[in-house]
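Source file entry.txt; content: compact mmCIF, C-alpha atoms.
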```txt
# COMPACT_ATOMS: atom_id res chain seq x y z
CA MET M 84 -18.47 -11.77 -20.27
CA ASN M 85 -15.78 -12.61 -22.70
CA ILE M 86 -12.11 -12.21 -21.99
CA LYS M 87 -11.37 -10.14 -25.08
CA LYS M 88 -13.97 -7.55 -24.15
CA GLN M 89 -12.66 -7.43 -20.57
CA PHE M 90 -9.13 -6.94 -21.87
CA GLY M 91 -10.19 -3.98 -24.01
CA GLU M 92 -12.18 -2.49 -21.13
CA GLY M 93 -9.36 -2.78 -18.61
CA LEU M 94 -6.71 -1.31 -20.86
CA VAL M 95 -8.66 1.24 -22.86
CA THR M 96 -12.39 1.81 -22.85
CA ASN M 97 -12.88 1.41 -19.10
CA ASN M 98 -9.34 2.10 -17.94
CA PRO M 99 -9.40 2.59 -14.17
CA VAL M 100 -7.39 5.80 -14.11
CA LEU M 101 -8.09 7.48 -17.43
CA VAL M 102 -11.77 6.64 -17.84
CA GLN M 103 -13.16 5.62 -14.45
CA GLN M 104 -10.85 8.22 -12.86
CA ILE M 105 -10.30 6.28 -9.66
CA GLY M 106 -7.10 5.64 -7.74
CA MET M 107 -5.39 8.79 -9.01
CA CYS M 108 -3.68 9.91 -5.81
CA ALA M 109 -0.89 7.35 -5.86
CA THR M 110 -0.67 7.75 -9.63
CA MET M 111 0.52 11.31 -9.28
CA ALA M 112 2.67 10.77 -6.24
CA ILE M 113 4.85 7.83 -7.18
CA THR M 114 5.37 8.10 -10.95
CA THR M 115 8.82 9.61 -10.76
CA THR M 116 10.93 6.66 -11.90
CA LEU M 117 10.09 3.62 -13.98
CA PHE M 118 11.07 1.38 -11.06
CA ASN M 119 8.35 2.88 -8.84
CA GLY M 120 5.75 2.75 -11.59
CA VAL M 121 6.29 -0.89 -12.46
CA GLY M 122 6.51 -1.88 -8.79
CA MET M 123 3.37 -0.02 -7.77
CA GLY M 124 1.47 -1.23 -10.84
CA LEU M 125 2.32 -4.87 -10.22
CA SER M 126 1.55 -4.58 -6.49
CA VAL M 127 -1.89 -3.21 -7.30
CA LEU M 128 -2.39 -5.86 -9.99
CA ILE M 129 -1.64 -8.67 -7.55
CA ILE M 130 -3.75 -7.23 -4.74
CA LEU M 131 -6.62 -6.43 -7.09
CA THR M 132 -6.67 -9.91 -8.59
CA CYS M 133 -6.55 -11.63 -5.19
CA CYS M 134 -9.26 -9.38 -3.75
CA ASN M 135 -11.47 -9.80 -6.81
CA VAL M 136 -11.26 -13.58 -6.59
CA VAL M 137 -11.93 -13.70 -2.85
CA VAL M 138 -14.76 -11.16 -2.94
CA SER M 139 -16.36 -13.01 -5.83
CA ALA M 140 -15.95 -16.37 -4.12
CA ILE M 141 -17.67 -15.22 -0.93
CA ARG M 142 -20.21 -12.95 -2.64
CA LYS M 143 -23.11 -15.28 -1.88
CA ILE M 144 -22.41 -15.65 1.82
CA ILE M 145 -21.77 -12.01 2.67
CA PRO M 146 -24.85 -10.06 3.76
CA GLY M 147 -25.43 -6.83 1.85
CA GLU M 148 -25.49 -4.72 5.02
CA ILE M 149 -21.91 -5.41 5.97
CA ARG M 150 -20.38 -5.99 2.54
CA LEU M 151 -18.22 -2.86 2.61
CA ALA M 152 -16.76 -3.76 5.98
CA ILE M 153 -15.93 -7.22 4.67
CA PHE M 154 -14.37 -5.81 1.47
CA VAL M 155 -12.16 -3.55 3.55
CA VAL M 156 -11.04 -6.46 5.74
CA VAL M 157 -10.21 -8.60 2.69
CA ILE M 158 -8.38 -5.76 0.94
CA ALA M 159 -6.47 -4.75 4.07
CA GLY M 160 -5.43 -8.37 4.51
CA PHE M 161 -3.95 -8.67 1.03
CA VAL M 162 -2.33 -5.25 1.18
CA THR M 163 -0.62 -6.15 4.43
CA ILE M 164 0.61 -9.42 2.96
CA VAL M 165 2.08 -7.65 -0.08
CA ASP M 166 3.53 -4.93 2.14
CA LEU M 167 5.28 -7.49 4.35
CA LEU M 168 6.58 -9.44 1.35
CA LEU M 169 7.95 -6.27 -0.26
CA GLN M 170 9.64 -5.22 2.97
CA ALA M 171 11.23 -8.64 3.22
CA TYR M 172 12.28 -9.26 -0.37
CA ILE M 173 12.30 -5.95 -2.28
CA PRO M 174 13.16 -3.41 0.44
CA ALA M 175 14.24 -0.79 -2.12
CA LEU M 176 10.75 -0.73 -3.61
CA SER M 177 9.21 -0.72 -0.17
CA SER M 178 11.18 2.34 0.88
CA ALA M 179 10.67 4.11 -2.48
CA LEU M 180 6.89 3.70 -2.40
CA GLY M 181 6.72 4.23 1.35
CA VAL M 182 3.24 4.92 2.64
CA PHE M 183 1.64 4.36 -0.77
CA ILE M 184 1.75 0.59 -0.38
CA PRO M 185 -0.31 0.55 2.85
CA LEU M 186 -2.51 3.20 1.26
CA ILE M 187 -3.59 0.73 -1.45
CA VAL M 188 -6.15 -0.31 1.21
CA VAL M 189 -8.07 2.86 0.48
CA ASN M 190 -7.28 2.90 -3.24
CA CYS M 191 -10.64 3.27 -4.95
CA ILE M 192 -9.72 0.88 -7.75
CA ILE M 193 -9.87 -2.15 -5.52
CA ILE M 194 -12.96 -1.36 -3.49
CA GLY M 195 -14.53 0.08 -6.63
CA ARG M 196 -14.07 -3.14 -8.58
CA ALA M 197 -15.25 -5.22 -5.62
CA GLU M 198 -18.42 -3.16 -5.34
CA ALA M 199 -19.13 -2.64 -9.03
CA PHE M 200 -18.02 -5.90 -10.55
CA CYS M 201 -17.14 -8.78 -8.24
CA GLN M 202 -20.39 -8.68 -6.30
CA LYS M 203 -22.26 -9.75 -9.41
CA ASN M 204 -19.85 -11.87 -11.40
CA LYS M 205 -18.31 -15.31 -11.41
CA VAL M 206 -14.87 -16.00 -9.96
CA SER M 207 -13.23 -16.56 -13.35
CA ALA M 208 -14.55 -13.29 -14.77
CA CYS M 209 -13.36 -11.47 -11.65
CA PHE M 210 -9.94 -13.04 -11.92
CA PHE M 211 -9.51 -11.69 -15.46
CA ASP M 212 -11.03 -8.37 -14.45
CA GLY M 213 -8.37 -8.05 -11.75
CA ILE M 214 -5.57 -8.81 -14.18
CA PHE M 215 -6.81 -6.52 -16.94
CA GLN M 216 -7.77 -3.62 -14.69
CA GLY M 217 -4.41 -4.06 -12.97
CA LEU M 218 -2.65 -4.04 -16.34
CA GLY M 219 -4.58 -0.92 -17.34
CA TYR M 220 -3.42 0.76 -14.13
CA THR M 221 0.17 -0.41 -14.65
CA CYS M 222 0.20 0.86 -18.24
CA VAL M 223 -0.93 4.32 -17.16
CA LEU M 224 1.73 4.37 -14.42
CA ILE M 225 4.41 3.30 -16.90
CA LEU M 226 3.36 5.93 -19.45
CA MET M 227 3.43 8.61 -16.77
CA CYS M 228 6.78 7.46 -15.40
CA VAL M 229 8.40 7.39 -18.83
CA PHE M 230 7.05 10.83 -19.70
CA ARG M 231 7.87 12.48 -16.38
CA GLU M 232 11.29 10.91 -16.10
CA PHE M 233 12.21 11.91 -19.64
CA VAL M 234 10.97 15.50 -19.48
CA GLY M 235 12.00 15.98 -15.85
CA SER M 236 15.50 14.56 -15.82
CA GLY M 237 16.24 13.30 -19.33
CA LYS M 238 16.31 9.68 -18.24
CA PHE M 239 14.68 6.43 -19.18
CA GLY M 240 14.12 3.47 -16.89
CA GLY M 241 15.49 4.89 -13.62
CA GLY M 242 15.95 2.23 -10.96
CA LEU M 243 15.10 -0.59 -13.30
CA ILE M 244 17.69 -0.42 -16.05
CA ASP M 245 21.39 -0.14 -15.40
CA ILE M 246 23.92 0.59 -18.12
CA THR M 247 27.07 1.19 -16.11
CA ASN M 248 28.23 -2.38 -16.85
CA GLY M 249 26.41 -3.02 -20.09
CA LEU M 250 22.64 -3.17 -20.36
CA ARG M 251 21.00 -5.08 -17.55
CA PHE M 252 17.86 -5.02 -15.46
CA THR M 253 18.02 -4.49 -11.73
CA LEU M 254 15.34 -5.50 -9.28
CA ASP M 255 16.75 -3.67 -6.28
CA GLY M 256 16.23 -0.13 -7.56
CA THR M 257 19.92 0.65 -7.97
CA GLY M 258 19.89 1.04 -11.75
CA SER M 259 20.97 4.48 -12.91
CA GLY M 260 18.75 4.53 -16.01
CA ILE M 261 19.67 5.62 -19.52
CA GLN M 262 20.54 9.32 -19.69
CA ILE M 263 19.09 10.63 -22.94
CA PHE M 264 19.95 14.28 -22.41
CA PRO M 265 21.78 15.97 -19.50
CA SER M 266 19.52 16.25 -16.47
CA GLU M 267 20.23 19.98 -16.00
CA TYR M 268 18.18 20.67 -19.14
CA GLY M 269 15.20 18.81 -17.70
CA ALA M 270 12.08 20.58 -16.46
CA ALA M 271 12.44 19.85 -12.75
CA VAL M 272 8.78 20.71 -12.25
CA MET M 273 7.89 17.37 -13.83
CA ASN M 274 9.48 15.54 -10.91
CA ARG M 275 7.17 17.34 -8.50
CA PRO M 276 3.55 16.30 -7.81
CA PHE M 277 2.53 19.26 -9.97
CA GLY M 278 4.15 17.55 -12.96
CA GLY M 279 2.08 14.49 -12.11
CA PHE M 280 -1.13 16.52 -12.39
CA ILE M 281 -0.11 17.91 -15.77
CA THR M 282 0.92 14.50 -17.11
CA LEU M 283 -2.27 12.86 -15.93
CA GLY M 284 -4.32 15.70 -17.43
CA LEU M 285 -2.60 15.37 -20.78
CA LEU M 286 -3.03 11.59 -20.82
CA MET M 287 -6.72 11.90 -20.01
CA ALA M 288 -7.20 14.47 -22.74
CA VAL M 289 -5.54 12.22 -25.31
CA MET M 290 -7.62 9.29 -24.12
CA GLN M 291 -10.92 11.19 -24.30
CA TYR M 292 -10.02 12.52 -27.73
CA ALA M 293 -9.26 9.05 -29.02
CA LEU M 294 -12.38 7.53 -27.48
CA LYS M 295 -14.63 10.31 -28.85
CA LYS M 296 -13.09 10.05 -32.32
CA ASN M 297 -13.56 6.32 -32.27
CA ALA M 298 -17.18 6.67 -31.18
CA LYS M 299 -17.82 9.21 -33.96
CA LYS M 300 -16.25 6.93 -36.54
CA LYS M 301 -18.38 4.08 -35.32
CA ALA M 302 -21.51 6.22 -35.49
CA LEU M 303 -20.63 7.37 -39.03
CA ALA M 304 -19.99 3.83 -40.14
CA GLU M 305 -23.30 2.73 -38.66
CA ARG M 306 -25.15 5.55 -40.40
CA ALA M 307 -23.43 4.76 -43.71
CA ALA M 308 -24.41 1.12 -43.34
CA ALA M 309 -27.99 2.10 -42.54
CA GLU M 310 -28.12 4.43 -45.56
CA ALA M 311 -26.67 1.77 -47.80
CA ALA M 312 -29.30 -0.65 -46.58
CA ALA M 313 -32.02 1.95 -47.19
CA ASP M 314 -30.69 2.63 -50.71
CA LYS M 315 -30.73 -1.05 -51.44
CA GLU M 316 -34.35 -1.28 -50.34
CA GLU M 317 -35.26 1.65 -52.59
CA ASP M 318 -33.49 0.05 -55.56
CA GLU M 319 -35.46 -3.05 -55.09
CA MET K 175 -35.06 -13.17 20.99
CA ASN K 176 -36.66 -11.02 18.33
CA GLY K 177 -35.74 -10.94 14.64
CA ASP K 178 -33.58 -7.82 14.77
CA THR K 179 -31.30 -9.12 17.51
CA LYS K 180 -30.91 -12.38 15.67
CA LYS K 181 -29.95 -10.57 12.48
CA ILE K 182 -27.40 -8.35 14.22
CA LEU K 183 -25.87 -11.39 15.90
CA ARG K 184 -25.65 -13.16 12.54
CA LEU K 185 -23.94 -10.18 10.90
CA THR K 186 -21.52 -9.85 13.80
CA PHE K 187 -20.72 -13.53 13.60
CA ILE K 188 -19.99 -13.44 9.85
CA LEU K 189 -17.82 -10.35 10.16
CA PHE K 190 -16.01 -11.90 13.10
CA VAL K 191 -15.28 -15.12 11.19
CA ILE K 192 -13.91 -13.23 8.20
CA CYS K 193 -11.76 -11.02 10.43
CA ALA K 194 -10.49 -14.06 12.30
CA ILE K 195 -9.50 -15.85 9.08
CA THR K 196 -7.75 -12.73 7.80
CA ALA K 197 -5.93 -12.25 11.08
CA GLY K 198 -4.83 -15.89 11.04
CA ILE K 199 -3.40 -15.61 7.53
CA LEU K 200 -1.62 -12.36 8.42
CA GLY K 201 -0.15 -14.02 11.47
CA VAL K 202 1.38 -16.73 9.33
CA VAL K 203 2.78 -14.24 6.79
CA ASN K 204 4.19 -12.11 9.57
CA GLU K 205 5.85 -15.13 11.14
CA VAL K 206 7.42 -16.11 7.80
CA THR K 207 8.71 -12.64 6.86
CA LYS K 208 9.60 -11.32 10.33
CA ASP K 209 13.25 -12.34 10.35
CA THR K 210 13.92 -11.28 6.76
CA ILE K 211 12.38 -7.87 7.38
CA TYR K 212 14.46 -7.44 10.52
CA MET K 213 17.61 -8.29 8.57
CA GLN K 214 16.72 -5.90 5.74
CA LYS K 215 15.98 -3.02 8.11
CA ASN K 216 19.18 -3.50 10.01
CA ALA K 217 21.38 -4.63 7.14
CA LYS K 218 23.74 -1.68 7.51
CA THR K 219 24.04 -1.88 11.28
CA ILE K 220 24.40 -5.64 11.13
CA ALA K 221 27.18 -5.33 8.55
CA ALA K 222 29.09 -2.94 10.82
CA TYR K 223 28.38 -5.01 13.92
CA SER K 224 29.25 -8.37 12.43
CA ALA K 225 32.63 -6.95 11.36
CA VAL K 226 33.58 -6.84 15.04
CA LEU K 227 31.48 -9.66 16.51
CA LYS K 228 29.75 -12.29 14.40
CA SER K 229 26.04 -12.86 14.94
CA ASP K 230 22.83 -12.89 12.88
CA ARG K 231 20.96 -10.63 15.21
CA TYR K 232 21.69 -7.98 17.81
CA ASP K 233 19.27 -6.90 20.51
CA PRO K 234 19.79 -3.54 22.26
CA VAL K 235 20.22 -3.78 26.01
CA GLU K 236 19.80 -1.22 28.79
CA PHE K 237 22.85 0.52 30.23
CA ASP K 238 23.54 3.45 32.53
CA SER K 239 23.62 6.26 29.96
CA GLU K 240 24.38 8.89 32.62
CA ALA K 241 27.52 7.15 33.79
CA PHE K 242 28.64 6.51 30.19
CA PRO K 243 27.74 9.62 28.16
CA THR K 244 29.88 8.63 25.15
CA ILE K 245 28.12 5.28 24.64
CA ASP K 246 25.31 5.42 22.04
CA GLU K 247 24.07 1.88 22.15
CA VAL K 248 24.92 -1.50 23.59
CA SER K 249 23.58 -4.59 21.82
CA LYS K 250 23.75 -8.20 22.86
CA ALA K 251 24.67 -10.69 20.16
CA ASP K 252 21.83 -13.15 19.75
CA ASN K 253 24.20 -16.15 19.64
CA GLY K 254 25.49 -15.26 23.12
CA SER K 255 29.05 -14.56 21.99
CA GLY K 256 29.14 -11.13 23.60
CA TYR K 257 28.17 -7.49 23.15
CA VAL K 258 28.62 -4.79 20.55
CA VAL K 259 29.05 -1.22 21.77
CA LYS K 260 28.47 1.80 19.57
CA THR K 261 30.24 4.84 20.89
CA THR K 262 30.76 8.44 19.76
CA PHE K 263 33.63 10.33 21.33
CA PRO K 264 35.92 13.30 20.55
CA GLY K 265 38.95 12.54 18.37
CA SER K 266 41.62 15.08 17.56
CA GLN K 267 39.59 17.01 14.96
CA SER K 268 35.94 16.14 15.48
CA THR K 269 33.92 13.26 16.87
CA ILE K 270 34.61 9.62 15.99
CA THR K 271 31.85 7.01 15.85
CA MET K 272 33.14 3.53 16.48
CA VAL K 273 31.77 0.04 16.99
CA VAL K 274 33.52 -2.19 19.53
CA GLY K 275 32.94 -5.91 19.98
CA VAL K 276 33.35 -7.24 23.51
CA ASP K 277 33.11 -10.94 24.38
CA ASN K 278 31.83 -12.44 27.63
CA ASP K 279 35.37 -12.53 29.10
CA LEU K 280 35.53 -8.74 28.67
CA LYS K 281 38.08 -8.98 25.88
CA CYS K 282 37.79 -6.80 22.79
CA THR K 283 36.91 -8.83 19.68
CA GLY K 284 37.60 -5.99 17.27
CA ILE K 285 36.90 -2.35 16.51
CA SER K 286 35.47 -0.66 13.44
CA ILE K 287 35.37 3.08 12.87
CA VAL K 288 32.08 4.02 11.24
CA GLU K 289 32.50 7.77 10.98
CA HIS K 290 35.28 10.21 11.69
CA GLY K 291 36.80 13.55 10.70
CA GLU K 292 40.46 12.90 11.53
CA THR K 293 43.40 14.35 9.62
CA SER K 294 43.90 12.59 6.35
CA GLY K 295 47.15 10.61 6.28
CA LEU K 296 47.60 10.81 10.05
CA GLY K 297 44.62 10.21 12.36
CA ALA K 298 42.46 9.00 9.46
CA ASN K 299 44.75 5.99 9.21
CA ALA K 300 42.90 4.58 12.21
CA ALA K 301 39.89 3.99 9.97
CA SER K 302 41.79 3.20 6.78
CA THR K 303 41.47 -0.12 4.97
CA ALA K 304 45.18 0.08 4.07
CA GLU K 305 47.72 -2.05 5.92
CA VAL K 306 48.53 0.67 8.44
CA GLY K 307 44.88 0.91 9.55
CA VAL K 308 44.26 -2.83 9.54
CA ASN K 309 47.37 -3.41 11.64
CA PHE K 310 46.46 -0.63 14.06
CA ARG K 311 42.97 -2.03 14.65
CA ALA K 312 44.20 -5.62 14.84
CA GLN K 313 46.15 -4.70 17.99
CA PHE K 314 42.85 -4.16 19.85
CA VAL K 315 41.69 -7.75 19.47
CA GLY K 316 42.06 -9.63 22.75
CA GLN K 317 42.69 -6.51 24.83
CA GLY K 318 40.98 -6.19 28.20
CA GLU K 319 39.78 -3.30 30.31
CA ASP K 320 43.38 -2.33 31.13
CA ILE K 321 44.04 -1.53 27.45
CA ALA K 322 46.58 1.32 27.03
CA LEU K 323 49.05 2.76 24.58
CA SER K 324 52.62 1.52 24.82
CA SER K 325 53.61 4.97 26.12
CA GLY K 326 51.13 4.47 28.97
CA GLY K 327 52.32 1.00 29.93
CA GLY K 328 50.08 -0.97 27.58
CA SER K 329 50.77 -2.74 24.32
CA ILE K 330 48.97 -0.61 21.72
CA GLN K 331 51.41 1.03 19.29
CA ALA K 332 50.09 4.51 18.47
CA LEU K 333 49.74 5.61 14.87
CA THR K 334 52.66 7.72 13.70
CA GLY K 335 51.83 11.42 14.09
CA ALA K 336 48.40 10.67 15.52
CA THR K 337 48.92 10.24 19.22
CA GLN K 338 45.71 12.04 20.08
CA THR K 339 43.53 9.91 17.77
CA SER K 340 45.22 6.74 19.01
CA THR K 341 44.66 7.76 22.63
CA SER K 342 40.98 8.56 22.04
CA VAL K 343 40.33 5.28 20.26
CA THR K 344 42.15 3.34 22.99
CA ASN K 345 40.28 5.09 25.79
CA ALA K 346 36.95 4.64 24.01
CA THR K 347 37.64 0.92 23.72
CA ALA K 348 38.39 0.79 27.44
CA THR K 349 35.12 2.60 28.15
CA ALA K 350 33.24 0.16 25.90
CA ILE K 351 34.65 -2.76 27.84
CA THR K 352 33.77 -1.05 31.13
CA VAL K 353 30.16 -0.53 30.08
CA VAL K 354 29.83 -4.21 29.17
CA LYS K 355 31.37 -5.08 32.53
CA SER K 356 28.74 -2.93 34.26
CA ILE K 357 26.02 -4.82 32.38
CA LEU K 358 27.45 -8.26 33.12
CA GLY K 359 28.38 -7.23 36.68
```
Kindly return the structure encoded in the file as structure tokens.
Amino acid sequence: MNIKKQFGEGLVTNNPVLVQQIGMCATMAITTTLFNGVGMGLSVLIILTCCNVVVSAIRKIIPGEIRLAIFVVVIAGFVTIVDLLLQAYIPALSSALGVFIPLIVVNCIIIGRAEAFCQKNKVSACFFDGIFQGLGYTCVLILMCVFREFVGSGKFGGGLIDITNGLRFTLDGTGSGIQIFPSEYGAAVMNRPFGGFITLGLLMAVMQYALKKNAKKKALAERAAAEAAADKEEDE
Amino acid sequence: MNGDTKKILRLTFILFVICAITAGILGVVNEVTKDTIYMQKNAKTIAAYSAVLKSDRYDPVEFDSEAFPTIDEVSKADNGSGYVVKTTFPGSQSTITMVVGVDNDLKCTGISIVEHGETSGLGANAASTAEVGVNFRAQFVGQGEDIALSSGGGSIQALTGATQTSTSVTNATATAITVVKSILG
């Protein structure tokens, strides 16, 4: 396993949300402001990386029969730790994401990666897998937040960016965001879960299109190379 | 002991160990974050409470809610300096919600009006941050259970044009002190 390949897989070719299509529930529910998206993405990234490392480290001592129970205990442990830390130090994020932080316990991304990847791979590979899959998840959340916030209320960076006293970043969710066009012209439907479905659908379509096109190009290039090689043989 | 029992015992043991380790770690994290989370959750209440009686933490205490229907909550200051009483009572226009600090000698340590609907410029002065409001509320500090308006034999000067609001606030403070007395009693 090389890191570069894992990076590409996490962000694009095996993106957890757009390609593996796991962990989509929270994706649609919380992507209303950039603050939520970044916060949720980073929370999942941290939990996923920790769980991957621990699951990988104990993979040889856990019996196959009870592996799922053990995964759930490990995941629940880390989720609770992150939940407590958020409540203590970033209460605005904790109240904005609400039940979706505890619900990371049942987020398929984490148990999915534990089952599909960490059981069979070394700790270092699992560490990078956690980071890259987490980044892939965060990127999708950010894309969805930016799109939904812009179309829904004409804003960019709600909660995270504050421009009332010059441009600055806020970590307590109080930033008003940059108003690009008046919010009354926004399509309010985008702020609803329904808008989340549409956005996710569009993103997936774009992703599949790009992946298919890429695969076709690769196939064409391979065929051209094969033909060229065949021509060369004939010439000789 | 046959093979199956042995296997089940082994699985149970492994699962138990992992659960125990997880629980231990969670215990530590909980211990570390407990106080901060408490402060965050009660930041607003604490801000209002500490304006009348300084403490880092306030723990609600039991009181006779039938005898004192206007009292919402009585909390004991964690540092032992006294009690904070939250009370909602009728003013001249609508209800007033007020926080009263009472020390262990049953003297008022200050009042803070959290919510009200009094007439702007008259009764609303009781809650105002302007000099008139600050001076009005400052009179309550150090008053005991016998607190009364100057017209009723006490030393509280009523707000101009807001006798009713002044009376309600004064009486509510007296009630707050009485409820603390009943708890200490």
Quiz item: If we count all atoms listed in the file, which residues of chain M reach to within 10 Å of chain K? Please list them as an NGL selection string.
Solution: :M and (144-150 or 152-153 or 156-161 or 163-165 or 167-175)
Self-check item: Counting only C-alpha atoms, the option among M:Val102, M:Ala313, M:Ala298, M:Leu117 closest to M:Ile244
Solution: M:Leu117
Quiz item: Skipping near chain neighbours, those fewer than 6 positions away, what residues fall within 10 Å of M:Leu224 using only C-alpha atoms, listed as a ChimeraX atom specification?
Solution: /M:100,107,109-111,113-117,119-124,218,230,283
Could you save those same residues with C-alpha atoms as a PDB file, in the coordinates of the input?
```pdb
ATOM      1  CA  VAL M 100      -7.390   5.800 -14.110  1.00  0.00           C
ATOM      2  CA  MET M 107      -5.390   8.790  -9.010  1.00  0.00           C
ATOM      3  CA  ALA M 109      -0.890   7.350  -5.860  1.00  0.00           C
ATOM      4  CA  THR M 110      -0.670   7.750  -9.630  1.00  0.00           C
ATOM      5  CA  MET M 111       0.520  11.310  -9.280  1.00  0.00           C
ATOM      6  CA  ILE M 113       4.850   7.830  -7.180  1.00  0.00           C
ATOM      7  CA  THR M 114       5.370   8.100 -10.950  1.00  0.00           C
ATOM      8  CA  THR M 115       8.820   9.610 -10.760  1.00  0.00           C
ATOM      9  CA  THR M 116      10.930   6.660 -11.900  1.00  0.00           C
ATOM     10  CA  LEU M 117      10.090   3.620 -13.980  1.00  0.00           C
ATOM     11  CA  ASN M 119       8.350   2.880  -8.840  1.00  0.00           C
ATOM     12  CA  GLY M 120       5.750   2.750 -11.590  1.00  0.00           C
ATOM     13  CA  VAL M 121       6.290  -0.890 -12.460  1.00  0.00           C
ATOM     14  CA  GLY M 122       6.510  -1.880  -8.790  1.00  0.00           C
ATOM     15  CA  MET M 123       3.370  -0.020  -7.770  1.00  0.00           C
ATOM     16  CA  GLY M 124       1.470  -1.230 -10.840  1.00  0.00           C
ATOM     17  CA  LEU M 218      -2.650  -4.040 -16.340  1.00  0.00           C
ATOM     18  CA  PHE M 230       7.050  10.830 -19.700  1.00  0.00           C
ATOM     19  CA  LEU M 283      -2.270  12.860 -15.930  1.00  0.00           C
TER      20      LEU M 283
END
```
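Our summary of the geometry notes that atom CA of K:Ala322 is positioned 26.9 Å from atom CA of K:Val235.
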Quiz prompt | Residues near K:Gly328, cut-off 12 Å, all atoms listed in the file, skip fewer than 3 positions along chain, as a PyMOL selection string | solution = chain K and resi 313-314+317-325+331-332+341+344-345+348
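Among the candidates K:Ala312, K:Val191, K:Leu227, K:Ile270, the residue lying nearest to K:Lys250 is K:Leu227 (atoms considered: only C-alpha atoms).
Atom CA of M:Ile184 is positioned 27.7 Å from atom CA of M:Ala270.
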Quiz prompt | M:Val138 environment, 12 Å, all atoms listed in the file, sequence neighbours closer than 3 positions dropped, as a PyMOL selection string | solution = (chain M and resi 130-135+141-145+150-158+161+193-207+209-210+213) or (chain K and resi 192)
